[in-house]
Each structure stands twice: as C-alpha cells, then as structure tokens.
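> Quick one: the structure is below, questions incoming.
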Amino acid sequence: MRLLVTGGAGFIGSEFVRGWLRSDPAAHVTVLDALTYSGVEENLASVAHHPGYRFVRGDVCDPDVVDQVMAGQDAVVHFAAESHVDRSIEGAGPFVRTNVVGTQVLLDAALRHRAGRFVQVSTDEVYGSISEGSWTEEWPLAPSSPYSATKSAADLLVLAYHRTHGLDVVVTRCTNNYGPHQFPEKVIPLFITRLIDGRTVPLYGDGRHIRDWLHVSDHCRGIELALHGGKPGEVYHIGGGTEVSNHELTGLLLDAVGADWDRVTRVADRKGHDLRYSLDDSKIREQLGYAPEVPFTEGLAATVDWYRGNRSWWEPLKAGSERA
Ligand SMILES: NC(=O)c1ccc[n+]([C@@H]2O[C@H](COP(=O)([O-])OP(=O)(O)OC[C@H]3O[C@@H](n4cnc5c(N)ncnc54)[C@H](O)[C@@H]3O)[C@@H](O)[C@H]2O)c1
C-alpha cells in the first residue's frame, strides 16, 4: 500500500510513520508536512533510511503540492492540523486555514487521483463537554473552542465527500494523547519539562477538568485498525479508559519528579474550558478488535523518563516557543 501521511513530523503522525515503516520493509510512505512550530523532521530520523520513505515539506492548503504528492497513493492518513486549543483562542485564522481548507484541498486531490481510503484523524473535542456518561459516534457535534470547531467542520466535509462523491473515508475521534515527542506546550510535556527544570507549573482553575488519557502508540494502533478494517463513511472512537482530573494528573507528575504542591501556581481558567470528555469506544473494540495496551501509570512514567533523557529534543523547541 502506498500511503500519504500529512502532518507526519508532528507528535502523533511521527509515531504512526515510525511504527508503520518499522513493521514493513516493503512499505511506501510519503510524509507531507509544512514543519510549522510543532513539526520536527528529526522525529522521523530513525526511519529516514527506509527505502520506501519520502519526506515532502509542503502545506496541505497548497493545491499544487498536494496534487503532486497525491498521485499514485492508495490511502491517506490525515494528521496535519493546528492542534493547540489555547492558540486557537488567541487567533482562529490558522486553524480555519489548515484544518478546514487544508482538508478540503486534500479531499479534492484524493477524488481527482482516485486515492483509496482517506482517514481523517479527529478528536473527542468535537462533542463539547459531557458531565456524565460517554459519547457514542452518533452524538451531535457541539464544539466549544475554535480548534474543535474547525476539526468538526473538517470531519463534516470528509463525511460529505463520502455521501456526495462516494469517496472511501473513515473518521477516527480520539481522546487526549500523551507520550514521547509531544510538543512541550501541551499539559503533560509542559508540566514535566518545567518540573524537571525546577520551575512552577500553571494549573487551570480548580483543576477539576477531566480528560481520558491514551498513550500515543495505542491511538496509532486504533488508526491502523480503522485504515484496514473500518467501514466506508463511518466514525470510530478511540478511547483510553483512563479518566483523570487535571488535579490528579498534576499530583502524579509531581510524584514522578519528587516535587511538592508548592510548585503549582493556580491560573485563571481557559475560556470555554470543557469540563469533561468521555468517549464510548465499544464500536471499534467490538468491530475491529481494538484495545489499549499501555497502562496509564506505566506510560506516564516512561514519558517522564523520555523527557528526562531527551533534553536536546525539547529545549530548543521550548526556547523558541517561549521567545515567540
Ligand atoms: N494530541 C492529541 O491529544 C490529539 C487527540 C485527538 C486527535 N488529535 C489530532 O491528531 C492530529 C495530530 O495531532 P498532534 O498532537 O500530533 O499535533 P502536532 O501539532 O504535534 O502536529 C501537527 C503536524 O501538522 C503539521 N502541519 C500543521 N499545519 C500544516 C499545514 N498547513 N500543512 C502541512 N502540515 C502542517 C505540523 O508541522 C506538525 O508536524 C491532529 O489532527 C489533531 O487534531 C490530537
């Protein structure tokens, strides 16, 4: 299978590409990535020697580049996105451009070139917030942030291209990911890197917000299952089953680095902050045999170790981001 992976230099996309190429010496993967602030080509260094690997630096909104890379592909896994909620609150423009227009440019090219399956990698945030119970795939979309609104718009476009044009699409929606190579603006790597540097960490509001955490390798396994076995035009939830409040998460990270609560600064809550996310992922479990494999405590400890051991990866990213 010849695979086009957009956003393959980012946190989740690079995990997916590394896993895909390592497991198959005959695989062909073209990564299309604009290398924005969160894209790091070095994330793919360990597979750059693979004979089937090709990296193209380019923008998913650029129809010419997209047309070139789409030719001859059997499938597309679309990760490329502006992905940080706080940045979308500061300014929604880049989110609308990349997440909505970029998806439309890719869909048009996929249609023109008769690329096979198109996997849209999406998020549980499209549903808004849920105080109890869990969302099923049929739940109405009610996004709270400009980020999740643009992901919702992209998901609807993808599903519309299936209904209108018969394009073979699958949408996956996942809970919060953690693991190595995550840009140190997201809560887990932000807290780890600040704590190991002896700094304080900012906890939003009262810390009661609940997220369902999933190791990035489990997310990628779910995407592969949907790519190979998902039904055209369907949505699949990929869940973690580990609901933790931000307060509990902060306690776990403090323990992991041997720090106390005096290192925590309470900051004003994020605007429109969703209280709780929770996915019902029984569909992918029952239909495609998905189950997360990495227990949260083990995955979190390994993630802390990874950031401890890879300062040269995150320090320049953090310095650049803090300067900006
Ligand atoms: N991180 C999570 O917890 C999570 C959970 C569920 C779904 N998702 C989705 O997974 C996908 C990947 O998320 P991530 O956390 O790896 O994000 P990330 O910010 O680490 O990576 C995004 C990648 O996309 C690239 N990119 C951005 N704009 C581009 C453009 N215009 N053209 C080409 N490339 C561009 C960046 O350079 C980067 O390599 C996103 O679609 C996100 O919505 C993320």
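Labeling convention for the structure tokens: chains A, B, ... as they appear, residues from 1 per chain, ligands from 1 in order of appearance.
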Quick one: DSSP alpha helix (DSSP H) residues in range 123-197 of chain A, as a ChimeraX atom specification?

/A:146-165,187-196

> Sorted by chain and rising residue number, which residues of chain A lie within 7 Å of ligand 1, and what are their closest atom pairs and distances in Å to one decimal, counting only C-alpha atoms and all ligand atoms, as JSON lines?


```
{"residue": "A:Thr6", "atom": "CA", "partner": "ligand 1", "partner_atom_place_in_ligand_line": "34 (N)", "distance": 6.1}
{"residue": "A:Gly7", "atom": "CA", "partner": "ligand 1", "partner_atom_place_in_ligand_line": "24 (O)", "distance": 3.5}
{"residue": "A:Gly8", "atom": "CA", "partner": "ligand 1", "partner_atom_place_in_ligand_line": "39 (O)", "distance": 5.7}
{"residue": "A:Ala9", "atom": "CA", "partner": "ligand 1", "partner_atom_place_in_ligand_line": "39 (O)", "distance": 4.0}
{"residue": "A:Gly10", "atom": "CA", "partner": "ligand 1", "partner_atom_place_in_ligand_line": "39 (O)", "distance": 3.3}
{"residue": "A:Phe11", "atom": "CA", "partner": "ligand 1", "partner_atom_place_in_ligand_line": "16 (O)", "distance": 3.7}
{"residue": "A:Ile12", "atom": "CA", "partner": "ligand 1", "partner_atom_place_in_ligand_line": "16 (O)", "distance": 3.8}
{"residue": "A:Gly13", "atom": "CA", "partner": "ligand 1", "partner_atom_place_in_ligand_line": "16 (O)", "distance": 5.5}
{"residue": "A:Leu32", "atom": "CA", "partner": "ligand 1", "partner_atom_place_in_ligand_line": "33 (C)", "distance": 6.1}
{"residue": "A:Asp33", "atom": "CA", "partner": "ligand 1", "partner_atom_place_in_ligand_line": "34 (N)", "distance": 3.7}
{"residue": "A:Ala34", "atom": "CA", "partner": "ligand 1", "partner_atom_place_in_ligand_line": "33 (C)", "distance": 4.0}
{"residue": "A:Leu35", "atom": "CA", "partner": "ligand 1", "partner_atom_place_in_ligand_line": "37 (O)", "distance": 3.6}
{"residue": "A:Thr36", "atom": "CA", "partner": "ligand 1", "partner_atom_place_in_ligand_line": "37 (O)", "distance": 3.9}
{"residue": "A:Tyr37", "atom": "CA", "partner": "ligand 1", "partner_atom_place_in_ligand_line": "37 (O)", "distance": 6.4}
{"residue": "A:Ser38", "atom": "CA", "partner": "ligand 1", "partner_atom_place_in_ligand_line": "19 (O)", "distance": 4.8}
{"residue": "A:Gly39", "atom": "CA", "partner": "ligand 1", "partner_atom_place_in_ligand_line": "39 (O)", "distance": 3.2}
{"residue": "A:Val40", "atom": "CA", "partner": "ligand 1", "partner_atom_place_in_ligand_line": "39 (O)", "distance": 6.2}
{"residue": "A:Gly58", "atom": "CA", "partner": "ligand 1", "partner_atom_place_in_ligand_line": "33 (C)", "distance": 5.8}
{"residue": "A:Asp59", "atom": "CA", "partner": "ligand 1", "partner_atom_place_in_ligand_line": "32 (N)", "distance": 3.5}
{"residue": "A:Val60", "atom": "CA", "partner": "ligand 1", "partner_atom_place_in_ligand_line": "32 (N)", "distance": 4.0}
{"residue": "A:Cys61", "atom": "CA", "partner": "ligand 1", "partner_atom_place_in_ligand_line": "31 (N)", "distance": 5.8}
{"residue": "A:His78", "atom": "CA", "partner": "ligand 1", "partner_atom_place_in_ligand_line": "41 (O)", "distance": 6.9}
{"residue": "A:Phe79", "atom": "CA", "partner": "ligand 1", "partner_atom_place_in_ligand_line": "11 (C)", "distance": 4.1}
{"residue": "A:Ala80", "atom": "CA", "partner": "ligand 1", "partner_atom_place_in_ligand_line": "24 (O)", "distance": 3.5}
{"residue": "A:Ala81", "atom": "CA", "partner": "ligand 1", "partner_atom_place_in_ligand_line": "27 (C)", "distance": 4.5}
{"residue": "A:Glu82", "atom": "CA", "partner": "ligand 1", "partner_atom_place_in_ligand_line": "27 (C)", "distance": 5.2}
{"residue": "A:Ser83", "atom": "CA", "partner": "ligand 1", "partner_atom_place_in_ligand_line": "19 (O)", "distance": 4.9}
{"residue": "A:His84", "atom": "CA", "partner": "ligand 1", "partner_atom_place_in_ligand_line": "19 (O)", "distance": 6.9}
{"residue": "A:Thr98", "atom": "CA", "partner": "ligand 1", "partner_atom_place_in_ligand_line": "31 (N)", "distance": 4.5}
{"residue": "A:Gly102", "atom": "CA", "partner": "ligand 1", "partner_atom_place_in_ligand_line": "31 (N)", "distance": 6.4}
{"residue": "A:Val121", "atom": "CA", "partner": "ligand 1", "partner_atom_place_in_ligand_line": "41 (O)", "distance": 5.3}
{"residue": "A:Ser122", "atom": "CA", "partner": "ligand 1", "partner_atom_place_in_ligand_line": "7 (C)", "distance": 4.6}
{"residue": "A:Thr123", "atom": "CA", "partner": "ligand 1", "partner_atom_place_in_ligand_line": "6 (C)", "distance": 3.9}
{"residue": "A:Asp124", "atom": "CA", "partner": "ligand 1", "partner_atom_place_in_ligand_line": "6 (C)", "distance": 6.6}
{"residue": "A:Lys151", "atom": "CA", "partner": "ligand 1", "partner_atom_place_in_ligand_line": "43 (O)", "distance": 6.6}
{"residue": "A:Arg173", "atom": "CA", "partner": "ligand 1", "partner_atom_place_in_ligand_line": "6 (C)", "distance": 6.3}
{"residue": "A:Cys174", "atom": "CA", "partner": "ligand 1", "partner_atom_place_in_ligand_line": "6 (C)", "distance": 4.4}
{"residue": "A:Thr175", "atom": "CA", "partner": "ligand 1", "partner_atom_place_in_ligand_line": "5 (C)", "distance": 5.3}
{"residue": "A:Asn176", "atom": "CA", "partner": "ligand 1", "partner_atom_place_in_ligand_line": "3 (O)", "distance": 3.7}
{"residue": "A:Asn177", "atom": "CA", "partner": "ligand 1", "partner_atom_place_in_ligand_line": "3 (O)", "distance": 3.7}
{"residue": "A:Tyr178", "atom": "CA", "partner": "ligand 1", "partner_atom_place_in_ligand_line": "3 (O)", "distance": 6.6}
{"residue": "A:Gln182", "atom": "CA", "partner": "ligand 1", "partner_atom_place_in_ligand_line": "20 (O)", "distance": 6.0}
{"residue": "A:Phe183", "atom": "CA", "partner": "ligand 1", "partner_atom_place_in_ligand_line": "20 (O)", "distance": 5.9}
```

> Residues within 8 Å of His237 in chain A, please, as an MDAnalysis selection string. Count only C-alpha atoms; anything in the same chain fewer than 4 positions from it doesn't count.

chainID A and resid 124 136:137 172:174 279:281 283:284

> Put those residues in a file: C-alpha atoms, as a PDB file, in the first residue's frame.


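What follows is the written file result_18.pdb:
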```pdb
ATOM      1  CA  ASP A 124     -13.323  13.874  21.067  1.00  0.00           C
ATOM      2  CA  THR A 136     -21.289   7.468  21.029  1.00  0.00           C
ATOM      3  CA  GLU A 137     -20.380   8.076  17.390  1.00  0.00           C
ATOM      4  CA  THR A 172     -11.383   8.441  13.898  1.00  0.00           C
ATOM      5  CA  ARG A 173     -12.000  10.500  17.042  1.00  0.00           C
ATOM      6  CA  CYS A 174      -9.593  10.044  19.899  1.00  0.00           C
ATOM      7  CA  LEU A 279     -15.828   8.515  24.568  1.00  0.00           C
ATOM      8  CA  ASP A 280     -17.744   5.266  24.269  1.00  0.00           C
ATOM      9  CA  ASP A 281     -15.325   3.241  22.144  1.00  0.00           C
ATOM     10  CA  LYS A 283     -17.725   0.136  18.345  1.00  0.00           C
ATOM     11  CA  ILE A 284     -14.019  -0.098  17.479  1.00  0.00           C
TER      12      ILE A 284
END
```

> My list of candidates is A:Leu203, A:Val169, A:Val69, A:Leu157. Which is closest to Val101 in chain A when distances are computed with only C-alpha atoms?

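Of A:Leu203, A:Val169, A:Val69, A:Leu157, the one nearest Val101 in chain A, counting only C-alpha atoms, is A:Leu157.
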
> Determine the nearest neighbour of Leu21 in chain A from the options A:Val100, A:Tyr147, A:Asn43, A:His50, counting only C-alpha atoms.

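For Leu21 in chain A, the nearest of the given residues is A:His50.
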
> List as a PyMOL selection string the protein and nucleic acid residues near range 216-229 of chain A, meaning an atom at most 10 Å away when only C-alpha atoms are counted, but skip any in the same chain fewer than 2 places from it.

chain A and resi 11-17+19-20+75-77+117-121+169-182+213-214+231-232+234-240+284-285+287-294+299

> Output N, CA and C atoms of each residue in that selection to a file, as a compact mmCIF listing (two decimals), in the first residue's frame.


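Result file again-v9.txt:
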```txt
# COMPACT_ATOMS: atom_id res chain seq x y z
N PHE A 11 3.65 15.11 16.60
CA PHE A 11 3.66 14.15 17.72
C PHE A 11 3.04 12.80 17.31
N ILE A 12 1.79 12.81 16.92
CA ILE A 12 1.10 11.53 16.65
C ILE A 12 1.48 11.00 15.27
N GLY A 13 1.55 11.90 14.29
CA GLY A 13 1.89 11.47 12.93
C GLY A 13 3.24 10.78 12.87
N SER A 14 4.21 11.29 13.62
CA SER A 14 5.55 10.68 13.55
C SER A 14 5.56 9.31 14.24
N GLU A 15 4.78 9.17 15.31
CA GLU A 15 4.65 7.85 15.95
C GLU A 15 4.05 6.85 14.95
N PHE A 16 3.05 7.31 14.22
CA PHE A 16 2.39 6.45 13.24
C PHE A 16 3.38 6.03 12.13
N VAL A 17 4.11 6.99 11.60
CA VAL A 17 5.03 6.70 10.48
C VAL A 17 6.17 5.79 10.95
N GLY A 19 6.12 3.59 13.36
CA GLY A 19 5.58 2.25 13.57
C GLY A 19 5.30 1.55 12.24
N TRP A 20 4.73 2.29 11.31
CA TRP A 20 4.33 1.72 10.01
C TRP A 20 5.56 1.24 9.24
N ALA A 75 -3.83 5.28 -0.14
CA ALA A 75 -4.58 5.74 1.04
C ALA A 75 -3.92 6.98 1.61
N VAL A 76 -4.73 7.73 2.37
CA VAL A 76 -4.24 8.96 3.02
C VAL A 76 -4.58 8.87 4.50
N VAL A 77 -3.61 9.19 5.36
CA VAL A 77 -3.92 9.35 6.78
C VAL A 77 -3.61 10.81 7.11
N ARG A 117 -8.61 4.78 0.41
CA ARG A 117 -9.16 5.24 1.69
C ARG A 117 -8.55 6.54 2.20
N PHE A 118 -9.42 7.41 2.75
CA PHE A 118 -8.98 8.68 3.37
C PHE A 118 -9.34 8.61 4.85
N VAL A 119 -8.32 8.60 5.72
CA VAL A 119 -8.59 8.54 7.17
C VAL A 119 -8.41 9.94 7.75
N GLN A 120 -9.48 10.46 8.31
CA GLN A 120 -9.45 11.77 8.97
C GLN A 120 -9.21 11.54 10.45
N VAL A 121 -8.06 12.02 10.96
CA VAL A 121 -7.72 11.82 12.37
C VAL A 121 -8.31 12.98 13.17
N VAL A 169 -14.01 7.08 2.92
CA VAL A 169 -13.45 7.81 4.07
C VAL A 169 -13.76 7.07 5.37
N VAL A 170 -12.91 7.32 6.37
CA VAL A 170 -13.16 6.88 7.73
C VAL A 170 -12.72 8.02 8.64
N VAL A 171 -13.50 8.31 9.67
CA VAL A 171 -13.12 9.35 10.64
C VAL A 171 -12.82 8.66 11.96
N THR A 172 -11.66 8.94 12.55
CA THR A 172 -11.38 8.44 13.90
C THR A 172 -11.41 9.64 14.85
N ARG A 173 -11.99 9.43 16.03
CA ARG A 173 -12.00 10.50 17.04
C ARG A 173 -11.40 9.93 18.32
N CYS A 174 -10.38 10.59 18.79
CA CYS A 174 -9.59 10.04 19.90
C CYS A 174 -9.60 10.97 21.11
N THR A 175 -9.32 10.37 22.24
CA THR A 175 -9.18 11.13 23.48
C THR A 175 -7.79 11.76 23.55
N ASN A 176 -7.47 12.41 24.68
CA ASN A 176 -6.18 13.09 24.82
C ASN A 176 -5.01 12.12 24.76
N ASN A 177 -4.02 12.44 23.96
CA ASN A 177 -2.83 11.58 23.81
C ASN A 177 -1.67 12.09 24.68
N TYR A 178 -0.83 11.15 25.08
CA TYR A 178 0.43 11.52 25.73
C TYR A 178 1.49 10.54 25.26
N GLY A 179 2.76 10.91 25.47
CA GLY A 179 3.86 10.03 25.07
C GLY A 179 5.05 10.86 24.63
N PRO A 180 6.07 10.19 24.07
CA PRO A 180 7.27 10.92 23.66
C PRO A 180 7.00 11.79 22.43
N HIS A 181 7.85 12.80 22.22
CA HIS A 181 7.80 13.68 21.03
C HIS A 181 6.59 14.61 21.02
N GLN A 182 5.91 14.80 22.14
CA GLN A 182 4.79 15.75 22.14
C GLN A 182 5.32 17.15 22.40
N TRP A 213 -7.05 9.81 29.13
CA TRP A 213 -5.70 9.80 28.54
C TRP A 213 -5.41 8.48 27.83
N LEU A 214 -4.77 8.59 26.69
CA LEU A 214 -4.41 7.42 25.88
C LEU A 214 -2.97 7.56 25.39
N LYS A 231 -15.43 0.61 8.13
CA LYS A 231 -16.40 0.63 7.01
C LYS A 231 -16.43 2.03 6.40
N PRO A 232 -16.52 2.14 5.07
CA PRO A 232 -16.54 3.46 4.42
C PRO A 232 -17.64 4.35 4.98
N GLU A 234 -17.81 5.68 7.94
CA GLU A 234 -18.09 5.51 9.37
C GLU A 234 -17.12 6.29 10.26
N VAL A 235 -17.61 6.58 11.47
CA VAL A 235 -16.79 7.23 12.50
C VAL A 235 -16.44 6.18 13.55
N TYR A 236 -15.19 6.20 14.02
CA TYR A 236 -14.76 5.26 15.08
C TYR A 236 -14.12 6.05 16.23
N HIS A 237 -14.59 5.78 17.43
CA HIS A 237 -13.97 6.37 18.62
C HIS A 237 -12.77 5.54 19.06
N ILE A 238 -11.71 6.21 19.46
CA ILE A 238 -10.54 5.51 20.01
C ILE A 238 -10.32 6.07 21.42
N GLY A 239 -10.64 5.24 22.43
CA GLY A 239 -10.62 5.74 23.80
C GLY A 239 -9.48 5.15 24.62
N GLY A 240 -9.28 5.74 25.78
CA GLY A 240 -8.21 5.28 26.64
C GLY A 240 -8.70 4.55 27.87
N ILE A 284 -15.31 0.35 18.03
CA ILE A 284 -14.02 -0.10 17.48
C ILE A 284 -13.52 -1.34 18.22
N ARG A 285 -13.86 -1.44 19.51
CA ARG A 285 -13.46 -2.64 20.27
C ARG A 285 -14.16 -3.88 19.70
N GLN A 287 -16.02 -4.20 16.76
CA GLN A 287 -15.97 -4.45 15.30
C GLN A 287 -14.55 -4.67 14.77
N LEU A 288 -13.57 -4.00 15.38
CA LEU A 288 -12.22 -4.07 14.81
C LEU A 288 -11.18 -4.65 15.78
N GLY A 289 -11.62 -5.05 16.97
CA GLY A 289 -10.71 -5.72 17.91
C GLY A 289 -9.73 -4.80 18.60
N TYR A 290 -10.09 -3.51 18.71
CA TYR A 290 -9.18 -2.55 19.37
C TYR A 290 -9.21 -2.70 20.89
N ALA A 291 -8.05 -2.57 21.52
CA ALA A 291 -7.98 -2.42 22.98
C ALA A 291 -6.67 -1.70 23.30
N PRO A 292 -6.72 -0.68 24.16
CA PRO A 292 -5.47 -0.01 24.52
C PRO A 292 -4.57 -0.96 25.30
N GLU A 293 -3.27 -0.83 25.10
CA GLU A 293 -2.34 -1.79 25.72
C GLU A 293 -1.45 -1.16 26.79
N VAL A 294 -1.29 0.16 26.77
CA VAL A 294 -0.32 0.78 27.68
C VAL A 294 -1.04 1.29 28.93
N GLY A 299 2.83 4.13 31.22
CA GLY A 299 3.06 5.03 30.07
C GLY A 299 3.52 6.40 30.54
```

> Can you pull out the residues contacting range 308-312 of chain A? Cut-off 12 Å, using only C-alpha atoms, and skip same-chain residues under 6 positions away; I want them as a ChimeraX atom specification.

/A:42-43,180-182,184,189,192-197,256-257,301-302,318-319

> Do you know which residues are at most 10 Å from Glu132 in chain A counting only C-alpha atoms, after dropping those on the same chain fewer than 5 positions away, and could you put them as an mmCIF file with C-alpha atoms, in the first residue's frame?


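Once everything was written out, this is out.cif:
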```
data_model
loop_
_atom_site.group_PDB
_atom_site.id
_atom_site.type_symbol
_atom_site.label_atom_id
_atom_site.label_comp_id
_atom_site.auth_asym_id
_atom_site.auth_seq_id
_atom_site.Cartn_x
_atom_site.Cartn_y
_atom_site.Cartn_z
ATOM 1 C CA ARG A 276 -15.128 16.507 30.871
ATOM 2 C CA TYR A 277 -14.517 14.417 27.766
ATOM 3 C CA SER A 278 -15.560 10.783 27.604
#
```

> Would you kindly return, as JSON, numbers by chain, each protein, DNA or RNA residue with an atom no farther than 8 Å from any atom of Arg163 in chain A, considering only C-alpha atoms and excluding same-chain residues fewer than 4 positions away?

{"A": [159, 167, 233]}

> Could you take the residues named above and write them with C-alpha atoms, as a PDB file, in the first residue's frame?


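File produced: result-v3.pdb:
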```
ATOM      1  CA  LEU A 159     -18.222  12.627   5.622  1.00  0.00           C
ATOM      2  CA  LEU A 167     -15.015   8.795  -1.539  1.00  0.00           C
ATOM      3  CA  GLY A 233     -18.278   6.581   5.708  1.00  0.00           C
TER       4      GLY A 233
END
```
